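Shown next: model_12.cif, containing mmCIF, N, CA and C atoms.
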```cif
data_work
loop_
_atom_site.label_atom_id
_atom_site.label_comp_id
_atom_site.auth_asym_id
_atom_site.auth_seq_id
_atom_site.Cartn_x
_atom_site.Cartn_y
_atom_site.Cartn_z
N MET A 5 -123.43 44.52 -70.22
CA MET A 5 -122.32 45.40 -69.96
C MET A 5 -121.37 44.86 -68.89
N PRO A 6 -121.83 44.29 -67.78
CA PRO A 6 -120.88 43.84 -66.76
C PRO A 6 -119.86 42.82 -67.26
N SER A 7 -120.17 42.07 -68.30
CA SER A 7 -119.20 41.10 -68.79
C SER A 7 -118.12 41.74 -69.65
N ARG A 8 -118.29 43.00 -70.02
CA ARG A 8 -117.31 43.67 -70.88
C ARG A 8 -116.55 44.78 -70.17
N ILE A 9 -117.24 45.54 -69.33
CA ILE A 9 -116.61 46.67 -68.64
C ILE A 9 -116.79 46.45 -67.14
N PRO A 10 -115.69 46.46 -66.37
CA PRO A 10 -115.83 46.28 -64.92
C PRO A 10 -116.71 47.36 -64.31
N LEU A 11 -117.58 46.97 -63.40
CA LEU A 11 -118.46 47.90 -62.71
C LEU A 11 -118.02 48.01 -61.26
N ASP A 12 -117.76 49.23 -60.83
CA ASP A 12 -117.32 49.53 -59.47
C ASP A 12 -116.09 48.71 -59.04
N PRO A 13 -115.03 48.75 -59.86
CA PRO A 13 -113.82 48.00 -59.47
C PRO A 13 -113.16 48.63 -58.25
N THR A 14 -112.38 47.85 -57.55
CA THR A 14 -111.58 48.38 -56.45
C THR A 14 -110.38 49.09 -57.05
N LEU A 15 -110.33 50.39 -56.88
CA LEU A 15 -109.26 51.20 -57.46
C LEU A 15 -108.24 51.57 -56.39
N PRO A 16 -107.01 51.83 -56.79
CA PRO A 16 -106.00 52.28 -55.82
C PRO A 16 -106.43 53.59 -55.15
N LYS A 17 -105.96 53.81 -53.95
CA LYS A 17 -106.26 55.04 -53.20
C LYS A 17 -105.87 56.27 -54.02
N ALA A 18 -106.72 57.28 -54.04
CA ALA A 18 -106.50 58.55 -54.76
C ALA A 18 -106.32 58.32 -56.26
N PHE A 19 -106.95 57.30 -56.80
CA PHE A 19 -106.79 56.95 -58.22
C PHE A 19 -107.12 58.13 -59.13
N ASP A 20 -108.25 58.78 -58.90
CA ASP A 20 -108.66 59.89 -59.77
C ASP A 20 -107.80 61.14 -59.60
N ALA A 21 -107.12 61.26 -58.49
CA ALA A 21 -106.30 62.46 -58.24
C ALA A 21 -104.83 62.27 -58.62
N THR A 22 -104.47 61.07 -59.07
CA THR A 22 -103.07 60.79 -59.40
C THR A 22 -102.81 61.08 -60.88
N PRO A 23 -101.88 61.97 -61.20
CA PRO A 23 -101.56 62.23 -62.61
C PRO A 23 -100.97 60.97 -63.25
N ASN A 24 -101.23 60.79 -64.52
CA ASN A 24 -100.75 59.59 -65.22
C ASN A 24 -99.23 59.46 -65.17
N ASP A 25 -98.52 60.58 -65.23
CA ASP A 25 -97.06 60.49 -65.21
C ASP A 25 -96.51 60.13 -63.83
N ALA A 26 -97.36 60.12 -62.79
CA ALA A 26 -96.93 59.73 -61.45
C ALA A 26 -97.33 58.28 -61.13
N ARG A 27 -97.96 57.59 -62.06
CA ARG A 27 -98.42 56.21 -61.82
C ARG A 27 -97.29 55.22 -62.07
N SER A 28 -97.37 54.10 -61.38
CA SER A 28 -96.39 53.03 -61.58
C SER A 28 -96.69 52.31 -62.90
N LYS A 29 -95.71 51.59 -63.40
CA LYS A 29 -95.91 50.81 -64.62
C LYS A 29 -97.01 49.77 -64.41
N THR A 30 -97.05 49.18 -63.24
CA THR A 30 -98.08 48.18 -62.93
C THR A 30 -99.47 48.80 -63.01
N GLN A 31 -99.62 49.99 -62.44
CA GLN A 31 -100.93 50.66 -62.47
C GLN A 31 -101.30 51.06 -63.89
N LEU A 32 -100.34 51.55 -64.66
CA LEU A 32 -100.62 51.91 -66.05
C LEU A 32 -101.01 50.67 -66.86
N ASP A 33 -100.30 49.58 -66.67
CA ASP A 33 -100.62 48.34 -67.38
C ASP A 33 -102.02 47.84 -67.03
N ALA A 34 -102.42 48.02 -65.79
CA ALA A 34 -103.73 47.54 -65.34
C ALA A 34 -104.88 48.41 -65.82
N TRP A 35 -104.67 49.72 -65.97
CA TRP A 35 -105.80 50.61 -66.21
C TRP A 35 -105.74 51.45 -67.48
N TRP A 36 -104.60 51.58 -68.13
CA TRP A 36 -104.51 52.45 -69.31
C TRP A 36 -105.37 51.89 -70.44
N ASP A 37 -106.23 52.73 -70.99
CA ASP A 37 -107.14 52.35 -72.09
C ASP A 37 -108.09 51.21 -71.72
N ARG A 38 -108.42 51.08 -70.45
CA ARG A 38 -109.36 50.06 -70.01
C ARG A 38 -110.51 50.75 -69.27
N PRO A 39 -111.65 50.88 -69.93
CA PRO A 39 -112.77 51.59 -69.30
C PRO A 39 -113.34 50.79 -68.13
N TYR A 40 -113.98 51.51 -67.23
CA TYR A 40 -114.68 50.90 -66.11
C TYR A 40 -115.85 51.81 -65.75
N GLY A 41 -116.83 51.27 -65.09
CA GLY A 41 -118.00 52.04 -64.69
C GLY A 41 -118.03 52.23 -63.19
N ILE A 42 -118.51 53.40 -62.79
CA ILE A 42 -118.70 53.72 -61.38
C ILE A 42 -120.17 54.06 -61.19
N THR A 43 -120.83 53.40 -60.25
CA THR A 43 -122.23 53.69 -59.97
C THR A 43 -122.31 54.97 -59.13
N LEU A 44 -123.08 55.93 -59.62
CA LEU A 44 -123.26 57.20 -58.92
C LEU A 44 -124.40 57.08 -57.92
N PRO A 45 -124.48 57.99 -56.93
CA PRO A 45 -125.52 57.90 -55.89
C PRO A 45 -126.96 57.87 -56.46
N ASP A 46 -127.18 58.50 -57.62
CA ASP A 46 -128.54 58.51 -58.18
C ASP A 46 -128.83 57.29 -59.06
N GLY A 47 -127.89 56.32 -59.10
CA GLY A 47 -128.11 55.09 -59.85
C GLY A 47 -127.55 55.09 -61.25
N ARG A 48 -127.12 56.25 -61.76
CA ARG A 48 -126.51 56.29 -63.08
C ARG A 48 -125.12 55.66 -63.01
N ILE A 49 -124.62 55.25 -64.17
CA ILE A 49 -123.27 54.67 -64.25
C ILE A 49 -122.41 55.60 -65.08
N GLU A 50 -121.28 56.03 -64.52
CA GLU A 50 -120.33 56.89 -65.21
C GLU A 50 -119.18 56.01 -65.69
N VAL A 51 -118.86 56.11 -66.98
CA VAL A 51 -117.77 55.30 -67.55
C VAL A 51 -116.62 56.20 -67.91
#
```

Hey, can you dump this file as structure tokens for me?
Amino acid sequence: MPSRIPLDPTLPKAFDATPNDARSKTQLDAWWDRPYGITLPDGRIEV
């Protein structure tokens, strides 16, 4: 999986709280339709 989906990438500040229509073109180009995984405190990975 790590070779296909980034795990714990460095995301822009307030990434999850930013509405898509408020994102820059650069941010949309970098992240739109590109899954990534976040490791949760209990060890599970949320994609």

Can you list, as a PDB file with N, CA and C atoms, keeping the file's coordinate frame, the residues that the PyMOL selection byres ((chain A and resi 13) around 8) selects here?
```
ATOM      1  N   ILE A   9    -117.240  45.540 -69.330  1.00  0.00           N
ATOM      2  CA  ILE A   9    -116.610  46.670 -68.640  1.00  0.00           C
ATOM      3  C   ILE A   9    -116.790  46.450 -67.140  1.00  0.00           C
ATOM      4  N   PRO A  10    -115.690  46.460 -66.370  1.00  0.00           N
ATOM      5  CA  PRO A  10    -115.830  46.280 -64.920  1.00  0.00           C
ATOM      6  C   PRO A  10    -116.710  47.360 -64.310  1.00  0.00           C
ATOM      7  N   LEU A  11    -117.580  46.970 -63.400  1.00  0.00           N
ATOM      8  CA  LEU A  11    -118.460  47.900 -62.710  1.00  0.00           C
ATOM      9  C   LEU A  11    -118.020  48.010 -61.260  1.00  0.00           C
ATOM     10  N   ASP A  12    -117.760  49.230 -60.830  1.00  0.00           N
ATOM     11  CA  ASP A  12    -117.320  49.530 -59.470  1.00  0.00           C
ATOM     12  C   ASP A  12    -116.090  48.710 -59.040  1.00  0.00           C
ATOM     13  N   THR A  14    -112.380  47.850 -57.550  1.00  0.00           N
ATOM     14  CA  THR A  14    -111.580  48.380 -56.450  1.00  0.00           C
ATOM     15  C   THR A  14    -110.380  49.090 -57.050  1.00  0.00           C
ATOM     16  N   LEU A  15    -110.330  50.390 -56.880  1.00  0.00           N
ATOM     17  CA  LEU A  15    -109.260  51.200 -57.460  1.00  0.00           C
ATOM     18  C   LEU A  15    -108.240  51.570 -56.390  1.00  0.00           C
ATOM     19  N   PRO A  16    -107.010  51.830 -56.790  1.00  0.00           N
ATOM     20  CA  PRO A  16    -106.000  52.280 -55.820  1.00  0.00           C
ATOM     21  C   PRO A  16    -106.430  53.590 -55.150  1.00  0.00           C
ATOM     22  N   TYR A  40    -113.980  51.510 -67.230  1.00  0.00           N
ATOM     23  CA  TYR A  40    -114.680  50.900 -66.110  1.00  0.00           C
ATOM     24  C   TYR A  40    -115.850  51.810 -65.750  1.00  0.00           C
ATOM     25  N   GLY A  41    -116.830  51.270 -65.090  1.00  0.00           N
ATOM     26  CA  GLY A  41    -118.000  52.040 -64.690  1.00  0.00           C
ATOM     27  C   GLY A  41    -118.030  52.230 -63.190  1.00  0.00           C
ATOM     28  N   ILE A  42    -118.510  53.400 -62.790  1.00  0.00           N
ATOM     29  CA  ILE A  42    -118.700  53.720 -61.380  1.00  0.00           C
ATOM     30  C   ILE A  42    -120.170  54.060 -61.190  1.00  0.00           C
ATOM     31  N   THR A  43    -120.830  53.400 -60.250  1.00  0.00           N
ATOM     32  CA  THR A  43    -122.230  53.690 -59.970  1.00  0.00           C
ATOM     33  C   THR A  43    -122.310  54.970 -59.130  1.00  0.00           C
TER      34      THR A  43
END
```

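Relative to atom C of A:Pro23, atom CA of A:Trp36 is found at 11.0 Å.
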
Looking only at helix (DSSP H, G or I) from DSSP on the backbone, list the matching residues of chain A as a short mmCIF file (atom, residue, chain, number, x, y, z; two decimals) with N, CA and C atoms, keeping the file's coordinate frame.
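As written to disk, part-v8.cif reads:
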```cif
data_model
loop_
_atom_site.label_atom_id
_atom_site.label_comp_id
_atom_site.auth_asym_id
_atom_site.auth_seq_id
_atom_site.Cartn_x
_atom_site.Cartn_y
_atom_site.Cartn_z
N PHE A 19 -106.95 57.30 -56.80
CA PHE A 19 -106.79 56.95 -58.22
C PHE A 19 -107.12 58.13 -59.13
N ASP A 20 -108.25 58.78 -58.90
CA ASP A 20 -108.66 59.89 -59.77
C ASP A 20 -107.80 61.14 -59.60
N ALA A 21 -107.12 61.26 -58.49
CA ALA A 21 -106.30 62.46 -58.24
C ALA A 21 -104.83 62.27 -58.62
N ASN A 24 -101.23 60.79 -64.52
CA ASN A 24 -100.75 59.59 -65.22
C ASN A 24 -99.23 59.46 -65.17
N ASP A 25 -98.52 60.58 -65.23
CA ASP A 25 -97.06 60.49 -65.21
C ASP A 25 -96.51 60.13 -63.83
N ALA A 26 -97.36 60.12 -62.79
CA ALA A 26 -96.93 59.73 -61.45
C ALA A 26 -97.33 58.28 -61.13
N LYS A 29 -95.71 51.59 -63.40
CA LYS A 29 -95.91 50.81 -64.62
C LYS A 29 -97.01 49.77 -64.41
N THR A 30 -97.05 49.18 -63.24
CA THR A 30 -98.08 48.18 -62.93
C THR A 30 -99.47 48.80 -63.01
N GLN A 31 -99.62 49.99 -62.44
CA GLN A 31 -100.93 50.66 -62.47
C GLN A 31 -101.30 51.06 -63.89
N LEU A 32 -100.34 51.55 -64.66
CA LEU A 32 -100.62 51.91 -66.05
C LEU A 32 -101.01 50.67 -66.86
N ASP A 33 -100.30 49.58 -66.67
CA ASP A 33 -100.62 48.34 -67.38
C ASP A 33 -102.02 47.84 -67.03
N ALA A 34 -102.42 48.02 -65.79
CA ALA A 34 -103.73 47.54 -65.34
C ALA A 34 -104.88 48.41 -65.82
N TRP A 35 -104.67 49.72 -65.97
CA TRP A 35 -105.80 50.61 -66.21
C TRP A 35 -105.74 51.45 -67.48
#
```

**Study point:** strand (DSSP E or B) per DSSP on the backbone: members of chain A, as a PyMOL selection string
**Key:** chain A and resi 11+41-43+49-50

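The spacing separating atom N of A:Asp25 from atom N of A:Pro45 amounts to 27.4 Å.
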
Exercise for review: Quote the spacing between atom CA of A:Phe19 and atom C of A:Val51 in Å to one decimal place.
Suggested key: 13.8 Å

Set up a box along x, y and z of the file covering all listed atoms of stretch 15-18 of chain A, add 8 Å on every one of the six sides, and write the centre and edge lengths in Å to one decimal, as JSON.
```
{"center_x": -108.1, "center_y": 54.5, "center_z": -55.3, "size_x": 20.5, "size_y": 24.2, "size_z": 20.3}
```
